[in-house]
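Participant: Next comes data_35.cif, mmCIF, C-alpha atoms:
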data_query
#
loop_
_atom_site.label_atom_id
_atom_site.label_comp_id
_atom_site.auth_asym_id
_atom_site.auth_seq_id
_atom_site.Cartn_x
_atom_site.Cartn_y
_atom_site.Cartn_z
CA MET A 240 38.73 3.39 -36.69
CA THR A 241 34.97 3.51 -36.73
CA ALA A 242 33.54 4.95 -39.88
CA PRO A 243 31.04 7.76 -39.29
CA THR A 244 28.39 6.05 -41.38
CA ALA A 245 24.82 5.51 -40.33
CA ALA A 246 24.63 2.99 -37.52
CA GLY A 247 24.46 -0.47 -38.94
CA CYS A 248 21.88 -3.15 -38.50
CA ALA A 249 23.90 -5.79 -36.65
CA ALA A 250 22.64 -6.82 -33.25
CA PRO A 251 24.67 -5.27 -30.45
CA ASP A 252 26.25 -7.30 -27.63
CA GLN A 253 23.28 -8.72 -25.72
CA ALA A 254 25.16 -8.63 -22.40
CA ALA A 255 25.98 -4.92 -22.62
CA PRO A 256 24.16 -2.56 -20.26
CA LEU A 257 21.37 -0.45 -21.77
CA PRO A 258 22.88 2.68 -23.35
CA ALA A 259 22.75 5.64 -20.96
CA SER A 260 21.13 7.76 -23.68
CA LEU A 261 18.18 5.40 -23.87
CA ASP A 262 14.88 7.02 -22.95
CA LEU A 263 12.76 4.38 -21.21
CA GLU A 264 9.82 6.78 -21.27
CA LYS A 265 9.83 6.24 -25.03
CA GLU A 266 11.45 2.87 -25.66
CA THR A 267 9.70 -0.47 -25.23
CA VAL A 268 12.44 -2.90 -24.24
CA ILE A 269 11.73 -6.64 -24.32
CA THR A 270 14.50 -8.48 -22.55
CA GLY A 271 15.13 -11.76 -20.76
CA GLN A 272 16.86 -15.11 -20.88
CA VAL A 273 16.63 -18.34 -22.81
CA LEU A 274 16.56 -21.38 -20.53
CA ALA A 275 16.76 -25.11 -21.19
CA GLU A 276 14.17 -27.39 -19.57
CA SER A 277 16.73 -28.08 -16.85
CA GLY A 278 16.74 -24.38 -15.99
CA GLU A 279 20.25 -23.84 -17.35
CA VAL A 280 20.83 -20.71 -19.40
CA VAL A 281 21.32 -21.18 -23.14
CA PRO A 282 24.04 -19.01 -24.70
CA GLY A 283 24.24 -18.72 -28.48
CA ALA A 284 20.50 -19.26 -29.01
CA TYR A 285 18.87 -17.39 -31.91
CA VAL A 286 15.92 -15.39 -30.57
CA ARG A 287 13.45 -13.93 -33.03
CA LEU A 288 10.87 -11.25 -32.30
CA LEU A 289 7.66 -11.91 -34.25
CA ASP A 290 4.92 -9.28 -34.56
CA SER A 291 1.23 -9.81 -33.81
CA THR A 292 0.73 -11.42 -37.25
CA GLY A 293 3.67 -13.79 -36.70
CA GLU A 294 5.90 -11.84 -39.09
CA PHE A 295 9.63 -11.69 -38.34
CA THR A 296 10.73 -8.37 -36.88
CA ALA A 297 14.23 -8.95 -35.52
CA GLU A 298 16.68 -11.57 -34.34
CA VAL A 299 19.56 -11.60 -31.87
CA VAL A 300 21.95 -14.22 -30.51
CA THR A 301 21.93 -14.72 -26.72
CA SER A 302 24.90 -13.66 -24.60
CA PRO A 303 27.06 -16.11 -22.59
CA ALA A 304 24.42 -15.69 -19.82
CA GLY A 305 21.58 -16.51 -22.25
CA GLN A 306 20.34 -12.91 -22.42
CA PHE A 307 18.53 -11.18 -25.28
CA ARG A 308 17.07 -7.69 -25.79
CA PHE A 309 14.76 -6.01 -28.29
CA PHE A 310 13.59 -2.44 -28.77
CA ALA A 311 10.01 -2.78 -29.90
CA ALA A 312 6.75 -0.89 -29.48
CA PRO A 313 3.82 -1.45 -27.10
CA GLY A 314 1.66 -4.38 -28.20
CA SER A 315 1.57 -8.16 -28.67
CA TRP A 316 4.74 -9.95 -29.69
CA THR A 317 6.03 -13.51 -29.77
CA LEU A 318 9.58 -14.51 -28.92
CA ARG A 319 10.83 -17.62 -30.66
CA ALA A 320 14.16 -19.19 -29.72
CA LEU A 321 16.15 -21.67 -31.85
CA SER A 322 19.07 -23.54 -30.35
CA ARG A 323 20.98 -26.78 -30.51
CA HIS A 324 18.99 -27.80 -27.40
CA GLY A 325 15.67 -27.29 -29.16
CA ASN A 326 13.22 -24.49 -29.81
CA GLY A 327 10.57 -22.62 -27.84
CA ASP A 328 8.02 -19.77 -28.03
CA THR A 329 6.73 -17.24 -25.50
CA ALA A 330 4.03 -14.62 -26.07
CA VAL A 331 4.41 -11.18 -24.51
CA THR A 332 2.24 -8.09 -24.25
CA ALA A 333 4.74 -5.27 -24.03
CA THR A 334 4.29 -1.80 -22.56
CA ARG A 335 6.70 1.14 -22.49
CA GLY A 336 9.76 0.59 -20.33
CA ILE A 337 11.37 -2.75 -19.62
CA ASN A 338 9.46 -6.00 -20.21
CA GLU A 339 11.14 -9.14 -18.81
CA VAL A 340 10.44 -12.46 -20.49
CA THR A 341 11.84 -15.99 -20.20
CA VAL A 342 11.86 -18.37 -23.17
CA THR A 343 12.27 -22.06 -22.44
CA VAL A 344 13.56 -24.34 -25.19
CA ALA A 345 13.04 -28.08 -25.46
CA ALA A 346 13.92 -30.65 -28.08
CA MET B 21 22.03 -16.67 -62.47
CA SER B 22 20.54 -19.48 -60.46
CA ARG B 23 20.81 -21.33 -57.18
CA ASP B 24 23.56 -23.56 -58.64
CA THR B 25 25.82 -20.65 -59.52
CA ALA B 26 25.06 -18.36 -56.57
CA LEU B 27 24.72 -20.58 -53.52
CA VAL B 28 26.57 -23.41 -51.78
CA SER B 29 25.22 -25.65 -49.02
CA ALA B 30 26.82 -26.15 -45.61
CA GLU B 31 27.59 -29.75 -46.63
CA TRP B 32 29.45 -28.58 -49.73
CA ALA B 33 31.31 -25.95 -47.73
CA GLU B 34 32.47 -28.38 -45.07
CA LYS B 35 33.79 -30.75 -47.76
CA ASN B 36 35.59 -27.94 -49.59
CA ILE B 37 37.17 -26.08 -46.68
CA ASP B 38 40.67 -26.93 -47.91
CA ALA B 39 39.92 -26.92 -51.64
CA PRO B 40 42.53 -24.96 -53.61
CA GLY B 41 41.29 -21.69 -55.06
CA VAL B 42 38.35 -21.50 -52.63
CA VAL B 43 38.40 -18.65 -50.12
CA PHE B 44 35.86 -18.47 -47.31
CA VAL B 45 35.09 -14.95 -46.12
CA GLU B 46 33.03 -14.15 -43.04
CA VAL B 47 31.32 -10.75 -43.26
CA ASP B 48 29.74 -9.08 -40.27
CA GLU B 49 29.13 -5.62 -38.92
CA ASP B 50 30.43 -6.75 -35.55
CA THR B 51 33.28 -9.20 -36.15
CA SER B 52 33.42 -10.39 -32.53
CA ALA B 53 31.59 -13.53 -33.68
CA TYR B 54 34.45 -14.32 -36.07
CA ASP B 55 36.97 -13.91 -33.27
CA THR B 56 35.16 -16.43 -31.06
CA GLY B 57 35.12 -19.02 -33.86
CA HIS B 58 35.02 -19.10 -37.65
CA ILE B 59 35.07 -21.63 -40.48
CA ALA B 60 38.60 -23.02 -40.79
CA GLY B 61 40.66 -20.91 -43.16
CA ALA B 62 38.05 -18.15 -43.43
CA ILE B 63 39.20 -14.54 -43.42
CA LYS B 64 36.99 -11.74 -42.11
CA LEU B 65 35.68 -8.55 -43.58
CA ASP B 66 34.15 -5.94 -41.30
CA TRP B 67 31.14 -4.33 -42.95
CA ARG B 68 31.79 -1.01 -41.26
CA THR B 69 35.58 -0.65 -41.12
CA ASP B 70 36.58 -2.61 -44.25
CA LEU B 71 33.70 -2.03 -46.66
CA GLN B 72 32.79 1.63 -46.01
CA ASP B 73 34.81 4.71 -46.92
CA PRO B 74 36.25 6.11 -43.65
CA VAL B 75 35.25 9.68 -44.47
CA ARG B 76 32.48 10.00 -47.06
CA ARG B 77 29.20 8.14 -46.63
CA ASP B 78 29.83 5.69 -49.46
CA PHE B 79 31.49 2.40 -49.98
CA LEU B 80 35.02 1.78 -51.24
CA ASP B 81 35.98 3.00 -54.68
CA LYS B 82 37.66 0.67 -57.18
CA ALA B 83 41.20 1.40 -56.01
CA GLN B 84 40.28 0.98 -52.34
CA PHE B 85 38.55 -2.32 -53.11
CA GLU B 86 41.62 -3.53 -54.99
CA THR B 87 43.85 -2.62 -52.04
CA LEU B 88 41.57 -4.38 -49.56
CA LEU B 89 41.33 -7.63 -51.52
CA SER B 90 45.03 -7.62 -52.36
CA GLU B 91 45.95 -7.19 -48.68
CA ARG B 92 43.57 -9.91 -47.57
CA GLY B 93 44.93 -12.35 -50.14
CA ILE B 94 41.97 -12.73 -52.48
CA ALA B 95 42.93 -13.26 -56.13
CA ASN B 96 40.84 -12.52 -59.22
CA ASP B 97 40.41 -16.21 -60.03
CA ASP B 98 39.57 -17.34 -56.49
CA ALA B 99 36.13 -18.75 -55.76
CA VAL B 100 34.89 -16.56 -52.90
CA ILE B 101 32.37 -18.14 -50.51
CA LEU B 102 30.71 -15.51 -48.32
CA TYR B 103 28.90 -16.17 -45.06
CA GLY B 104 28.02 -14.27 -41.90
CA GLY B 105 25.66 -13.66 -39.02
CA ASN B 106 22.32 -11.84 -39.11
CA ASN B 107 20.96 -14.38 -41.61
CA ASN B 108 23.71 -13.51 -44.11
CA TRP B 109 22.62 -9.85 -44.41
CA PHE B 110 26.15 -8.49 -44.48
CA ALA B 111 27.43 -11.44 -46.49
CA ALA B 112 24.73 -10.71 -49.07
CA TYR B 113 25.81 -7.07 -49.05
CA ALA B 114 29.40 -8.18 -49.69
CA TYR B 115 28.17 -10.51 -52.47
CA TRP B 116 26.47 -7.58 -54.17
CA TYR B 117 29.64 -5.54 -53.69
CA PHE B 118 31.89 -8.27 -55.19
CA LYS B 119 29.48 -8.45 -58.15
CA LEU B 120 29.51 -4.68 -58.49
CA TYR B 121 33.31 -4.77 -58.89
CA GLY B 122 33.12 -7.69 -61.31
CA HIS B 123 34.43 -10.63 -59.27
CA ARG B 124 33.80 -13.70 -61.42
CA ASP B 125 33.19 -16.48 -58.93
CA VAL B 126 31.37 -15.51 -55.75
CA LYS B 127 28.77 -17.51 -53.86
CA LEU B 128 26.82 -17.31 -50.60
CA LEU B 129 26.87 -20.07 -48.01
CA ASP B 130 23.18 -20.99 -47.59
CA GLY B 131 22.12 -20.34 -43.99
CA GLY B 132 25.33 -18.52 -43.09
CA ARG B 133 26.68 -18.72 -39.55
CA LYS B 134 23.33 -19.61 -38.03
CA LYS B 135 22.78 -22.83 -40.00
CA TRP B 136 26.44 -23.74 -39.47
CA GLU B 137 26.11 -23.28 -35.70
CA LEU B 138 22.72 -24.99 -35.42
CA ASP B 139 24.18 -27.93 -37.34
CA ALA B 140 27.05 -27.98 -34.79
CA ARG B 141 29.64 -27.83 -37.59
CA PRO B 142 33.22 -27.00 -36.52
CA LEU B 143 34.41 -23.45 -35.87
CA VAL B 144 38.03 -22.61 -35.07
CA THR B 145 39.85 -19.61 -33.61
CA ASP B 146 43.10 -19.99 -35.58
CA LYS B 147 44.56 -16.79 -36.97
CA VAL B 148 44.23 -16.85 -40.76
CA GLU B 149 46.76 -15.16 -43.00
CA ARG B 150 46.86 -15.38 -46.75
CA PRO B 151 49.68 -14.17 -49.01
CA ALA B 152 48.96 -10.81 -50.61
CA THR B 153 47.72 -10.67 -54.19
CA GLN B 154 47.52 -8.07 -56.95
CA TYR B 155 43.75 -7.82 -57.23
CA VAL B 156 42.33 -5.91 -60.18
CA ALA B 157 38.69 -4.82 -59.93
CA GLN B 158 36.39 -3.93 -62.81
CA GLU B 159 34.67 -0.56 -63.12
CA PRO B 160 31.59 -0.56 -60.85
CA ASP B 161 28.53 -2.12 -62.45
CA LEU B 162 25.94 0.56 -61.73
CA SER B 163 23.20 -1.57 -63.27
CA ILE B 164 22.81 -3.14 -59.82
CA ARG B 165 23.12 0.02 -57.67
CA ALA B 166 20.35 2.60 -57.32
CA PHE B 167 20.83 6.19 -56.15
CA ARG B 168 18.29 8.47 -54.51
CA ASP B 169 17.10 10.32 -57.60
CA GLU B 170 16.31 7.03 -59.31
CA VAL B 171 14.24 6.03 -56.32
CA VAL B 172 12.20 9.23 -56.42
CA ASP B 173 11.74 8.76 -60.19
CA ALA B 174 10.65 5.16 -59.65
CA ILE B 175 7.62 6.14 -57.54
CA GLY B 176 4.57 4.88 -59.38
CA THR B 177 6.59 3.60 -62.35
CA LYS B 178 9.01 0.83 -61.29
CA ASN B 179 8.78 -1.91 -58.68
CA LEU B 180 9.94 -0.51 -55.37
CA VAL B 181 10.39 -3.25 -52.80
CA ASP B 182 10.67 -2.32 -49.14
CA VAL B 183 12.24 -5.32 -47.42
CA ARG B 184 12.13 -4.03 -43.84
CA SER B 185 9.77 -5.44 -41.22
CA PRO B 186 6.06 -4.50 -41.53
CA ASP B 187 6.32 -2.13 -38.56
CA GLU B 188 9.26 -0.27 -40.11
CA TYR B 189 7.37 -0.08 -43.43
CA ALA B 190 4.28 1.36 -41.77
CA GLY B 191 6.33 3.86 -39.77
CA ARG B 192 5.61 2.31 -36.37
CA LEU B 193 9.31 1.47 -35.91
CA LEU B 194 12.34 3.36 -37.24
CA ALA B 195 14.89 0.56 -37.01
CA PRO B 196 14.94 -3.21 -36.70
CA ALA B 197 13.76 -4.10 -33.21
CA HIS B 198 17.13 -5.22 -31.91
CA LEU B 199 18.26 -1.59 -32.08
CA PRO B 200 17.18 1.51 -30.12
CA GLN B 201 14.48 3.41 -31.99
CA GLU B 202 15.69 7.00 -31.71
CA GLN B 203 16.72 8.03 -35.21
CA ALA B 204 17.15 11.32 -37.03
CA GLN B 205 15.08 10.53 -40.08
CA ARG B 206 11.32 10.40 -40.63
CA ALA B 207 9.42 7.11 -40.45
CA GLY B 208 7.45 5.47 -43.25
CA HIS B 209 8.15 4.18 -46.76
CA VAL B 210 8.63 5.36 -50.34
CA PRO B 211 5.13 5.83 -51.80
CA THR B 212 4.05 2.91 -54.05
CA ALA B 213 6.72 0.59 -52.57
CA ILE B 214 5.38 -2.89 -51.85
CA SER B 215 6.25 -4.52 -48.53
CA VAL B 216 8.10 -7.82 -48.87
CA PRO B 217 10.13 -8.30 -45.68
CA TRP B 218 13.50 -9.94 -46.41
CA SER B 219 12.58 -12.59 -43.84
CA LYS B 220 9.84 -13.99 -46.09
CA ALA B 221 12.62 -15.29 -48.35
CA ALA B 222 14.39 -17.22 -45.59
CA ASN B 223 13.63 -20.23 -43.46
CA GLU B 224 14.10 -20.05 -39.69
CA ASP B 225 17.58 -21.56 -39.98
CA GLY B 226 18.64 -18.79 -42.35
CA THR B 227 18.59 -20.86 -45.55
CA PHE B 228 16.74 -19.53 -48.57
CA LYS B 229 13.28 -20.87 -49.40
CA SER B 230 12.83 -22.87 -52.61
CA ASP B 231 12.63 -21.04 -55.94
CA ASP B 232 8.94 -21.94 -56.25
CA GLU B 233 8.16 -20.54 -52.80
CA LEU B 234 10.16 -17.40 -53.56
CA ARG B 235 8.36 -16.83 -56.85
CA ARG B 236 4.99 -17.19 -55.10
CA ILE B 237 5.95 -14.70 -52.37
CA TYR B 238 6.88 -11.92 -54.78
CA ALA B 239 3.96 -12.63 -57.12
CA ALA B 240 1.52 -12.50 -54.20
CA ALA B 241 3.04 -9.16 -53.09
CA GLY B 242 2.36 -7.71 -56.55
CA LEU B 243 5.86 -7.54 -58.04
CA ASP B 244 5.51 -6.90 -61.79
CA ASP B 245 8.17 -9.00 -63.60
CA SER B 246 8.01 -6.79 -66.67
CA LYS B 247 9.29 -3.72 -64.79
CA GLU B 248 12.62 -2.77 -63.33
CA THR B 249 12.96 -3.23 -59.59
CA ILE B 250 14.67 -1.29 -56.81
CA ALA B 251 15.01 -2.89 -53.38
CA TYR B 252 15.76 -0.93 -50.23
CA CYS B 253 15.79 -1.33 -46.46
CA ARG B 254 17.37 0.88 -43.79
CA ILE B 255 21.07 0.77 -44.71
CA GLY B 256 21.14 -1.53 -47.74
CA GLU B 257 22.20 -4.88 -46.32
CA ARG B 258 18.78 -6.52 -45.86
CA SER B 259 17.90 -5.30 -49.35
CA SER B 260 21.11 -6.94 -50.63
CA HIS B 261 19.61 -10.18 -49.33
CA SER B 262 16.40 -9.55 -51.32
CA TRP B 263 18.40 -8.31 -54.35
CA PHE B 264 20.25 -11.64 -54.19
CA VAL B 265 16.96 -13.55 -54.16
CA LEU B 266 15.45 -11.64 -57.08
CA GLN B 267 18.47 -11.35 -59.38
CA GLU B 268 20.77 -14.22 -58.41
CA LEU B 269 18.33 -16.97 -57.41
CA LEU B 270 15.22 -16.14 -59.46
CA GLY B 271 17.15 -14.68 -62.41
CA HIS B 272 15.23 -11.40 -62.67
CA ARG B 273 16.95 -8.72 -64.72
CA ASN B 274 17.26 -5.02 -63.92
CA VAL B 275 17.15 -5.34 -60.14
CA LYS B 276 19.01 -2.66 -58.24
CA ASN B 277 19.88 -2.34 -54.59
CA TYR B 278 19.43 1.16 -53.13
CA ASP B 279 22.17 1.10 -50.52
CA GLY B 280 21.37 4.63 -49.30
CA SER B 281 18.05 3.13 -48.25
CA TRP B 282 15.82 4.60 -45.55
CA THR B 283 18.61 6.33 -43.61
CA GLU B 284 19.14 8.46 -46.72
CA TYR B 285 15.62 8.65 -48.13
CA GLY B 286 13.99 9.34 -44.76
CA SER B 287 16.37 12.26 -44.22
CA LEU B 288 15.85 13.98 -47.59
CA ILE B 289 14.06 17.32 -47.64
CA GLY B 290 10.86 17.40 -49.62
CA VAL B 291 10.54 13.83 -50.87
CA PRO B 292 7.16 12.11 -50.55
CA ILE B 293 6.65 9.57 -47.75
CA ALA B 294 3.76 7.17 -47.20
CA LEU B 295 2.68 6.06 -43.72
CA GLY B 296 0.72 2.95 -42.76
CA ASP B 297 0.43 -0.55 -44.14
CA GLU B 298 -0.61 0.38 -47.71
CA PRO B 299 1.82 1.35 -50.52
CA GLY B 300 0.13 4.73 -50.99
CA GLU B 301 -0.34 6.88 -54.08
CA ALA B 302 2.29 8.21 -56.47
#
Can you present the structure in this file as structure tokens?

Facilitator:
Amino acid sequence: MTAPTAAGCAAPDQAAPLPASLDLEKETVITGQVLAESGEVVPGAYVRLLDSTGEFTAEVVTSPAGQFRFFAAPGSWTLRALSRHGNGDTAVTATRGINEVTVTVAA
Amino acid sequence: MSRDTALVSAEWAEKNIDAPGVVFVEVDEDTSAYDTGHIAGAIKLDWRTDLQDPVRRDFLDKAQFETLLSERGIANDDAVILYGGNNNWFAAYAYWYFKLYGHRDVKLLDGGRKKWELDARPLVTDKVERPATQYVAQEPDLSIRAFRDEVVDAIGTKNLVDVRSPDEYAGRLLAPAHLPQEQAQRAGHVPTAISVPWSKAANEDGTFKSDDELRRIYAAAGLDDSKETIAYCRIGERSSHSWFVLQELLGHRNVKNYDGSWTEYGSLIGVPIALGDEPGEA
């Protein structure tokens, strides 16, 4: 049974489709994959969304297909991925709607 | 309290997995991570279905907590080692909860699941069952739990620490950015609350920063040690993490966690709200 409390703060399944109720006219979605240098996808990587000052905003764990997703706001963000295969950063300037980004990690 | 009494390292945990009287407990909001692999012998607690009342918006009362721990096989004299995903947010919430009901020996695993995984330490999928116990909880220690009226009264008088991200504090986001932003409540923060995101207290691998670093962070943010402190976030789990830092690692006294947090405060009629990056006026 699911308790009717306020929705929690845990990251949802990163492979799940976007909720049908989501309004992409309003939401700024930053989504993509974490790849190793070889081009292979990296599941189980920790991806952090850092704001324009470098401050932590959120973190998710990539899906079996290496996917991640954030709901942010328009502006400058940095994605930082940590994994057993190494770490990597990618800068993104997000606008409303879906913003696709790839983060490559290297030891 | 101090680091020695409140925290264990991953090295210690791996060596003590089979130690008698030590119970590992994984705490998450979404326990699918536990099901795909957990520390050997660890039981799971689901933040939402195990630790919240199924009807009222509140957590378990004393009798419900006793039933839960008895069923799961946790005894009063067990050493409980809590860990979880999301940088130990929900594990820290459970730590606060175990303290509230007077459990004697409870510690957090430094770095939680993330550090454990990044270190490539073993996880297993074995089903874990422990024999039932007769757990007896203490009356709730309300010296570590704040309610909404105390928060309103604390404006301009006590330390209010908003531990959400800067964009949530300022009102530019309503939820952490891994969640959709449509929410019922108003955006912003409690006037006079200082912004000290929970993440400032943690390293990238989820472990806590050193005591000296932690002291500097809160001093630089303007926390007045001589006053009582109330920490809040959106639903009370990130602020449990900061409550843990202030009271259990740094040994501050009179620190409360406001578990109603912004989902309650931001929905109240008539309470003051400040917008933007500054604390605002009382």

Participant: For the structure shown, which residues end up in the PyMOL selection byres ((chain A) within 6 of (chain B))? Put them as a ChimeraX atom specification, please?

Facilitator: /A:242,244,249-250,296-297,309-311,323

Participant: Could you give me, as number ranges by chain, the residues that sit within 6 Å of (37.7, -12.7, -45.7) in the file's coordinates, counting all atoms listed in the file?

Facilitator: B: 45-46, 62-65

Participant: Determine the residue membership of the PyMOL selection byres ((chain B and resi 119-131) around 6) for the file above and supply it as a list in words.

Facilitator: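 Listing what the PyMOL selection byres ((chain B and resi 119-131) around 6) selects in the shown file: Ala26, Leu27, Val28, Ser29, Ala99, Val100, Ile101, Leu102, Tyr103, Trp116, Tyr117, Phe118, Gly132, Lys135, Ala157, Gln158, Pro160, Asp161, Gly226 and Thr227 of chain B.
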
Participant: Taking all atoms listed in the file into account, which of B:Thr25, B:Ser259, B:Asn96, B:Ser287 comes nearest Ile164 in chain B?

Facilitator: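 Answer, going by the shortest atom-to-atom distance: B:Ser259.
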
Participant: Tell me, as a PDB file with C-alpha atoms, keeping the file's coordinate frame, which residues lie within 8 Å of Pro211 in chain B, counting all atoms listed in the file; anything in the same chain fewer than 4 positions away does not count.

Facilitator:
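The file below, around32.pdb, is the result:
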ATOM      1  CA  ILE B 175       7.620   6.140 -57.540  1.00  0.00           C
ATOM      2  CA  GLY B 176       4.570   4.880 -59.380  1.00  0.00           C
ATOM      3  CA  PRO B 292       7.160  12.110 -50.550  1.00  0.00           C
ATOM      4  CA  ILE B 293       6.650   9.570 -47.750  1.00  0.00           C
ATOM      5  CA  ALA B 294       3.760   7.170 -47.200  1.00  0.00           C
ATOM      6  CA  PRO B 299       1.820   1.350 -50.520  1.00  0.00           C
ATOM      7  CA  GLY B 300       0.130   4.730 -50.990  1.00  0.00           C
ATOM      8  CA  GLU B 301      -0.340   6.880 -54.080  1.00  0.00           C
ATOM      9  CA  ALA B 302       2.290   8.210 -56.470  1.00  0.00           C
TER      10      ALA B 302
END

Participant: For the file shown, report as a list of chain:residue names the outcome of the PyMOL selection byres ((chain A and resi 335) around 12) at residue level.

Facilitator: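 Checked against the file, the PyMOL selection byres ((chain A and resi 335) around 12) matches A:Asp262, A:Leu263, A:Glu264, A:Lys265, A:Glu266, A:Thr267, A:Val268, A:Ile269, A:Phe310, A:Ala311, A:Ala312, A:Pro313, A:Gly314, A:Thr332, A:Ala333, A:Thr334, A:Gly336, A:Ile337, A:Asn338, A:Glu339.
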
Participant: In Å, how far is it from CA of Lys35 in chain B to CA of Gly325 in chain A?

Facilitator: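 Value for the CA of Lys35 in chain B-CA of Gly325 in chain A distance: 26.2 Å.
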
Participant: I'd like the contact shell of Thr329 in chain A - 10 Å cut-off, all atoms listed in the file, skipping same-chain residues fewer than 4 positions apart - returned as a list in words.

Facilitator: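 In the requested form, the answer reads Leu288, Trp316, Thr317, Leu318, Arg319, Ala320, Val340, Thr341, Val342, Thr343 and Val344 of chain A.
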
Participant: Figure out the distance between CA of Ala111 in chain B and CA of Tyr252 in chain B, please, to one decimal in Å.

Facilitator: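 A separation of 16.1 Å between them.
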
Participant: Between B:Ser22, B:Asn108, B:Ser281, B:Asn36, single out the one closest to His209 in chain B, counting all atoms listed in the file.

Facilitator: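 Among B:Ser22, B:Asn108, B:Ser281, B:Asn36, it is B:Ser281 that comes nearest to His209 in chain B.
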
Participant: Which residues are close to Val286 in chain A, i.e. within 10 Å by all atoms listed in the file, leaving aside same-chain residues fewer than 3 positions away? Reply as JSON, numbers by chain.

Facilitator: {"A": [272, 273, 283, 289, 297, 298, 299, 300, 301, 306, 307, 308, 309, 318, 319, 320, 321, 322, 326, 327, 328, 342]}

Participant: Those residues with C-alpha atoms, as a CSV table (one decimal), in the coordinates of the input please?

Facilitator:
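And here's result-v4.csv as it stands now:
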chain,number,residue,atom,x,y,z
A,272,GLN,CA,16.9,-15.1,-20.9
A,273,VAL,CA,16.6,-18.3,-22.8
A,283,GLY,CA,24.2,-18.7,-28.5
A,289,LEU,CA,7.7,-11.9,-34.2
A,297,ALA,CA,14.2,-9.0,-35.5
A,298,GLU,CA,16.7,-11.6,-34.3
A,299,VAL,CA,19.6,-11.6,-31.9
A,300,VAL,CA,22.0,-14.2,-30.5
A,301,THR,CA,21.9,-14.7,-26.7
A,306,GLN,CA,20.3,-12.9,-22.4
A,307,PHE,CA,18.5,-11.2,-25.3
A,308,ARG,CA,17.1,-7.7,-25.8
A,309,PHE,CA,14.8,-6.0,-28.3
A,318,LEU,CA,9.6,-14.5,-28.9
A,319,ARG,CA,10.8,-17.6,-30.7
A,320,ALA,CA,14.2,-19.2,-29.7
A,321,LEU,CA,16.2,-21.7,-31.8
A,322,SER,CA,19.1,-23.5,-30.4
A,326,ASN,CA,13.2,-24.5,-29.8
A,327,GLY,CA,10.6,-22.6,-27.8
A,328,ASP,CA,8.0,-19.8,-28.0
A,342,VAL,CA,11.9,-18.4,-23.2

Participant: Quick one: residues within 7 Å of Ala213 in chain B, only C-alpha atoms, excluding same-chain residues fewer than 6 positions away - as a count of residues only?

Facilitator: 5

Participant: Find the distance between CA of Ala221 in chain B and CA of Glu233 in chain B and write it in Å to one decimal.

Facilitator: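 Between CA of Ala221 in chain B and CA of Glu233 in chain B the gap works out to 8.2 Å.
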
Participant: Measuring atom to atom with all atoms listed in the file, identify which of B:Arg23, B:Ala207, B:Thr56, B:Ala174 is nearest to Asp232 in chain B.

Facilitator: B:Arg23

Participant: So which residues touch Phe167 in chain B within 10 Å, counting only C-alpha atoms, skipping near sequence neighbours fewer than 2 positions away, as a list in words?

Facilitator: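 Within the cut-off, the hits are Leu162, Arg165, Asp169, Glu170, Val171, Val172, Ile250, Lys276, Asn277, Tyr278, Asp279, Gly280, Ser281, Glu284 and Tyr285 of chain B.
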
Participant: Rank nothing, just name the residue among A:Thr270, A:Ser315, A:Ser277, A:Ser260 nearest to Thr292 in chain A, using only C-alpha atoms.

Facilitator: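 Closest to Thr292 in chain A, using only C-alpha atoms: A:Ser315.
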
Participant: For Cys253 in chain B, which residue out of B:Val275, B:Val43, B:Val210, B:Ile94 is the nearest one, using only C-alpha atoms?

Facilitator: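 When distances to Cys253 in chain B are compared using only C-alpha atoms, the smallest one comes from B:Val210.
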